[in-house]
Amino acid sequence: MFYTRKCGEIEESDFGSEQTLCGWLQDTRNLGGIAFLQLRDITGVIQLTLLKKKLDADDYKKWTNINRESIVLVRGIVKENKEAPGGVEMLPDNIELLNEAETPLPLGVIDKIDSEIETRLNARYLDLRKSEIAANFQIRAAVSGAVHKHLRREKFLEVQTPKIIASATEGGTSLFEMKYFDKTAYLAQSPQLYKQMLMGGGLERVYEIGPAFRAEEHNTPRHLNEFISIDIEMSFADDDVVMGVMERLVDSAARAVAKETEALETLGIEPIELELPLPRITYDEAVEMSNGKAEWGEDLSMEATREIAEQMNGFYFITKWPLSLKPFYIQPDDDPKYSRGFDFMYNEVEMTSGGQRVHDVNMLKERLKEQGLDPDGFNHYLDPFRYGMPPHAGWGLGLDRLSMIFAGAKNVRECVLFPRDRTRMTP
RNA sequence: GCUCGCGUGGUGUAGCCUGGCCUAUCAUCUCAGCCUGUCGAGCUGAGGACCCGGGUUCAAAUCCCGGCGCGGGCGCCA
């Protein structure tokens with residue numbers, strides 16, 4: 001290891017001892033006879049205090065002229081000092097320049113001027129050095145970790161399904177087309193049909209956290225063309241049961257985020273607390289609540305959802321959607337005008353769509369035809385339904401969006417390291 | 001897919017409507033210098049920009065057309 005202590009982890013018992021630190025030299029304030037440098041690593045910032053008369057003149061000059069954001073290794077005595085930021089400083093005997101940063105920087109890490117997200121994403125490696133940016137990813141990791149832990153606790157088996165698929169299965173959104181040797185293949189928009197095959201495979205409870213791709217040319221703060229989807233599928237369960245899994249999962253995630261006190265403080269936000277069960281409104285009620293902004297039988301527009309969000313405030317479910325608005329694999333309700341499909345919302349943002357699935361092969365063929373699809377093209381998908389398919393339900397939840405909510409971010413890109421949107425393929 | 005808008009130093013902006021006083025504002029930044037307790041350090045000096053092409057005009061950062069790049073809203077969705 002290059003260092004003996006991290007910048008933000010100097011203990012009282014270290015005072016008076018010699019330590020070695022490494023990190024990024026973020027700032028130099030040369031007052032003439034005394035200079036203050038700020039050394040940063042992932043744990044925090046420590047002040048290095050240089051006294052001109054106690055140092056070799058060349059060293060003083062050299063060390064106070066290092067370009068900011070250069071990598072240095074510093075050795076010296078650490079001590080308590082009430083005048084220093086954080087109450088701790090180091091008096092370096094030696095500063096070794098491990099790797100000098102070029103100047104000017106593509107964006108200022110500690111500048112008072114904020115850069116635009118475009119500039120920031122182009123230089124993400126610099127952007128991430130800001131604690132308030134990195135904090136988003138701490139939150140995201142807490143969410144992702146809690147999701148794995150929770151679903152395993154509820155006996156879900158983690159699976160991975162292919163992302164290269166042969167045909168445009170679900171319909172609806174457009175897929176990215178790609179070359180697969182001398183054939184055409186597509187990038188999967190969702191693991192939906194594979195999850196269902198696994199129900200036919202008798203695994204009963206599965207989950208997958210993986211990428212999904214959608215070739216839609218949208219340009220909004222909450223859409224990406226590559227996103228991470230948390231998907232579950234559960235046998236012998238209906239829509240109501242998987243909504244229960246959903247709310248317990250989100251509650252677990254919320255509790256995990258609440259423990260990230262440092263990240264939350266950096267972001268200046270309060271943790272979100274949930275009270276289970278989360279509210280459930282039917283589609284009919286939602287239309288009612290939209291104050292005339294929605295028409296029955298139509299998808300809820302952004303305008304309508306905003307209206308509803310004002311009355312719901314936070315997480316909630318919209319259940320019993322009209323069957324005509326849901327994909328072919330969603331089970332009709334007792335009244336076939338409705339379905340057992342639901343959406344999970346956070347205010348006006350759709351987080352999840354899910355529902356009970358059709359498990360009867362004949363009904364599935366009917367539903368395909370109703371939606372103008374040819375059942376013959378779906379044989380690989382339909383086969384598992386012929387030899388013992390249990391009733392099952394499931395959903396897909398956007399990890400990026402969930403992280404965005406918990407991090408209090410206004411743009412999903414804030415919570416995705418290297419987002420892929422309409423125009424961006426790099427870095 | 002529809003629609004609205006934007007493009008000025010490394011970064012973030014003012015100026016554009018109402019063309020000339022723009023040798024282009026301010027901040028940050030970079031460089032040089034002064035300063036022994038900075039903590040948004042201060043002070044002095046210097047450096048650096050009108051997306052590209054065409055047009056209108058005596059005159060274009062400013063008006064018009066085209067291109068390129070980008071953003072927002074809607075649709076669709078996670």
# chains A, B, ... in the order shown; residues from 1 in each chain; ligands from 1

call {"tool": "closest_atom_pairs", "arguments": {"of": "chain B", "to": "chain A", "cutoff": "6 Å", "atoms": "only C-alpha atoms (C1' of nucleotides)", "output": "Markdown table"}}
result
| residue | atom | partner | partner_atom | distance |
| --- | --- | --- | --- | --- |
| B:G10 | C1' | A:Pro104 | CA | 5.4 |
| B:U11 | C1' | A:Leu107 | CA | 5.6 |
| B:G12 | C1' | A:Ile113 | CA | 5.7 |
| B:C35 | C1' | A:Gly32 | CA | 5.3 |
| B:U36 | C1' | A:Gly33 | CA | 4.8 |
| B:A78 | C1' | A:Gly398 | CA | 4.5 |

call {"tool": "select_by_dssp", "arguments": {"residues": "region 29-104 of chain A", "states": "helix (DSSP H, G or I)", "output": "PyMOL selection string"}}
result
chain A and resi 52-54+57-63+85-87

call {"tool": "atom_distance", "arguments": {"atom1": "CA of Val88 (chain A)", "atom2": "CA of Tyr125 (chain A)"}}
result
28.1 Å

call {"tool": "residues_around", "arguments": {"residues": "region 130-142 of chain A", "least_positions_apart": "5", "cutoff": "9 Å", "atoms": "only C-alpha atoms (C1' of nucleotides)", "output": "PyMOL selection string"}}
result
chain A and resi 42+44+109-110+147+253+256-257+259-260+262-264+266-268+399-400+402-404+406-409+414-417

call {"tool": "write_last_selection", "arguments": {"atoms": "N, CA, C and O atoms", "output": "JSON list (two decimals), in the first residue's frame"}}
result
[["chain", "number", "residue", "atom", "x", "y", "z"],
["A", 42, "ILE", "N", -10.67, 9.60, -1.37],
["A", 42, "ILE", "CA", -12.09, 9.24, -1.34],
["A", 42, "ILE", "C", -12.72, 9.52, 0.03],
["A", 42, "ILE", "O", -13.92, 9.75, 0.14],
["A", 44, "GLY", "N", -11.91, 12.08, 2.15],
["A", 44, "GLY", "CA", -12.03, 13.49, 2.54],
["A", 44, "GLY", "C", -10.82, 14.31, 2.19],
["A", 44, "GLY", "O", -9.99, 13.91, 1.36],
["A", 109, "VAL", "N", -12.75, 20.98, -10.59],
["A", 109, "VAL", "CA", -13.29, 20.08, -9.59],
["A", 109, "VAL", "C", -13.80, 20.85, -8.38],
["A", 109, "VAL", "O", -14.85, 20.55, -7.83],
["A", 110, "ILE", "N", -13.05, 21.87, -7.95],
["A", 110, "ILE", "CA", -13.47, 22.61, -6.76],
["A", 110, "ILE", "C", -13.88, 24.06, -7.09],
["A", 110, "ILE", "O", -14.06, 24.87, -6.21],
["A", 147, "VAL", "N", -31.40, -4.40, -2.76],
["A", 147, "VAL", "CA", -32.29, -5.15, -3.65],
["A", 147, "VAL", "C", -31.87, -6.61, -3.70],
["A", 147, "VAL", "O", -32.69, -7.52, -3.52],
["A", 253, "ALA", "N", -34.85, -0.92, 0.44],
["A", 253, "ALA", "CA", -33.92, -0.01, -0.22],
["A", 253, "ALA", "C", -33.90, 1.33, 0.52],
["A", 253, "ALA", "O", -32.83, 1.90, 0.77],
["A", 256, "ALA", "N", -31.89, 1.05, 3.63],
["A", 256, "ALA", "CA", -30.46, 0.99, 3.33],
["A", 256, "ALA", "C", -29.92, 2.37, 3.00],
["A", 256, "ALA", "O", -28.82, 2.74, 3.42],
["A", 257, "VAL", "N", -30.70, 3.13, 2.25],
["A", 257, "VAL", "CA", -30.28, 4.48, 1.88],
["A", 257, "VAL", "C", -30.19, 5.36, 3.13],
["A", 257, "VAL", "O", -29.26, 6.16, 3.27],
["A", 259, "LYS", "N", -29.20, 4.65, 5.90],
["A", 259, "LYS", "CA", -27.96, 4.42, 6.64],
["A", 259, "LYS", "C", -26.76, 5.14, 6.01],
["A", 259, "LYS", "O", -25.70, 5.21, 6.62],
["A", 260, "GLU", "N", -26.95, 5.61, 4.79],
["A", 260, "GLU", "CA", -25.86, 6.31, 4.09],
["A", 260, "GLU", "C", -25.83, 7.76, 4.53],
["A", 260, "GLU", "O", -26.02, 8.69, 3.73],
["A", 262, "GLU", "N", -23.55, 9.86, 5.44],
["A", 262, "GLU", "CA", -22.57, 10.79, 4.88],
["A", 262, "GLU", "C", -22.99, 11.26, 3.48],
["A", 262, "GLU", "O", -22.97, 12.45, 3.19],
["A", 263, "ALA", "N", -23.41, 10.30, 2.65],
["A", 263, "ALA", "CA", -23.84, 10.64, 1.29],
["A", 263, "ALA", "C", -25.07, 11.54, 1.33],
["A", 263, "ALA", "O", -25.17, 12.51, 0.58],
["A", 264, "LEU", "N", -25.99, 11.23, 2.22],
["A", 264, "LEU", "CA", -27.21, 12.03, 2.31],
["A", 264, "LEU", "C", -26.89, 13.46, 2.73],
["A", 264, "LEU", "O", -27.44, 14.43, 2.19],
["A", 266, "THR", "N", -24.00, 14.98, 2.28],
["A", 266, "THR", "CA", -23.32, 15.61, 1.15],
["A", 266, "THR", "C", -24.33, 16.13, 0.13],
["A", 266, "THR", "O", -24.17, 17.20, -0.43],
["A", 267, "LEU", "N", -25.37, 15.33, -0.10],
["A", 267, "LEU", "CA", -26.39, 15.72, -1.08],
["A", 267, "LEU", "C", -27.38, 16.72, -0.49],
["A", 267, "LEU", "O", -28.16, 17.33, -1.23],
["A", 268, "GLY", "N", -27.35, 16.86, 0.81],
["A", 268, "GLY", "CA", -28.26, 17.80, 1.45],
["A", 268, "GLY", "C", -29.71, 17.37, 1.40],
["A", 268, "GLY", "O", -30.61, 18.19, 1.24],
["A", 399, "LEU", "N", -33.68, 0.45, -12.00],
["A", 399, "LEU", "CA", -32.71, 0.75, -10.92],
["A", 399, "LEU", "C", -32.24, 2.19, -10.98],
["A", 399, "LEU", "O", -32.05, 2.85, -9.96],
["A", 400, "ASP", "N", -32.05, 2.68, -12.19],
["A", 400, "ASP", "CA", -31.55, 4.05, -12.36],
["A", 400, "ASP", "C", -32.56, 5.05, -11.82],
["A", 400, "ASP", "O", -32.22, 6.00, -11.14],
["A", 402, "LEU", "N", -34.95, 4.42, -9.64],
["A", 402, "LEU", "CA", -35.08, 4.26, -8.20],
["A", 402, "LEU", "C", -33.94, 4.99, -7.48],
["A", 402, "LEU", "O", -34.17, 5.70, -6.49],
["A", 403, "SER", "N", -32.74, 4.86, -8.03],
["A", 403, "SER", "CA", -31.59, 5.56, -7.45],
["A", 403, "SER", "C", -31.77, 7.06, -7.54],
["A", 403, "SER", "O", -31.46, 7.80, -6.61],
["A", 404, "MET", "N", -32.29, 7.50, -8.65],
["A", 404, "MET", "CA", -32.53, 8.94, -8.86],
["A", 404, "MET", "C", -33.47, 9.48, -7.78],
["A", 404, "MET", "O", -33.22, 10.54, -7.21],
["A", 406, "PHE", "N", -34.06, 8.18, -4.74],
["A", 406, "PHE", "CA", -33.44, 8.15, -3.43],
["A", 406, "PHE", "C", -32.30, 9.16, -3.29],
["A", 406, "PHE", "O", -31.98, 9.59, -2.20],
["A", 407, "ALA", "N", -31.68, 9.50, -4.42],
["A", 407, "ALA", "CA", -30.58, 10.48, -4.38],
["A", 407, "ALA", "C", -31.11, 11.90, -4.52],
["A", 407, "ALA", "O", -30.34, 12.86, -4.44],
["A", 408, "GLY", "N", -32.39, 12.02, -4.76],
["A", 408, "GLY", "CA", -32.97, 13.36, -4.93],
["A", 408, "GLY", "C", -32.49, 14.05, -6.19],
["A", 408, "GLY", "O", -32.46, 15.27, -6.27],
["A", 409, "ALA", "N", -32.10, 13.26, -7.20],
["A", 409, "ALA", "CA", -31.58, 13.83, -8.44],
["A", 409, "ALA", "C", -32.72, 14.20, -9.38],
["A", 409, "ALA", "O", -33.78, 13.58, -9.36],
["A", 414, "GLU", "N", -27.59, 11.62, -13.60],
["A", 414, "GLU", "CA", -26.78, 11.87, -12.40],
["A", 414, "GLU", "C", -26.44, 10.57, -11.70],
["A", 414, "GLU", "O", -25.45, 10.50, -10.99],
["A", 415, "CYS", "N", -27.30, 9.56, -11.87],
["A", 415, "CYS", "CA", -27.12, 8.29, -11.17],
["A", 415, "CYS", "C", -26.64, 7.17, -12.08],
["A", 415, "CYS", "O", -26.71, 6.00, -11.72],
["A", 416, "VAL", "N", -26.21, 7.51, -13.27],
["A", 416, "VAL", "CA", -25.67, 6.52, -14.20],
["A", 416, "VAL", "C", -24.26, 6.99, -14.57],
["A", 416, "VAL", "O", -24.10, 8.13, -15.02],
["A", 417, "LEU", "N", -23.27, 6.15, -14.37],
["A", 417, "LEU", "CA", -21.89, 6.58, -14.57],
["A", 417, "LEU", "C", -21.66, 7.07, -15.99],
["A", 417, "LEU", "O", -21.16, 8.17, -16.21]]

call {"tool": "atom_distance", "arguments": {"atom1": "CA of Ala393 (chain A)", "atom2": "CA of Pro375 (chain A)"}}
result
21.3 Å

call {"tool": "atom_distance", "arguments": {"atom1": "CA of Leu364 (chain A)", "atom2": "CA of Gly202 (chain A)"}}
result
19.4 Å

call {"tool": "select_by_dssp", "arguments": {"residues": "region 275-393 of chain A", "states": "strand (DSSP E)", "output": "list of chain:residue names"}}
result
A:Arg280, A:Ile281, A:Thr282, A:Phe315, A:Tyr316, A:Phe317, A:Ile318, A:Thr319, A:Gly341, A:Phe342, A:Asp343, A:Phe344, A:Met345, A:Tyr346, A:Val349, A:Glu350, A:Met351, A:Thr352, A:Ser353, A:Gly354, A:Gly355, A:Gln356, A:His392, A:Ala393

call {"tool": "closest_residue", "arguments": {"among": "B:C2, B:G47, B:G7, B:A32", "to": "C68 (chain B)", "atoms": "only C-alpha atoms (C1' of nucleotides)"}}
result
B:G7

call {"tool": "residues_around", "arguments": {"residues": "Leu39 (chain A)", "least_positions_apart": "5", "cutoff": "10 Å", "atoms": "only C-alpha atoms (C1' of nucleotides)", "output": "PyMOL selection string"}}
result
chain A and resi 7-8+21-28+44-48+68-74+90

call {"tool": "residues_around", "arguments": {"residues": "C63 (chain B)", "least_positions_apart": "6", "cutoff": "12 Å", "atoms": "only C-alpha atoms (C1' of nucleotides)", "output": "ChimeraX atom specification"}}
result
/B:16-19,55-57
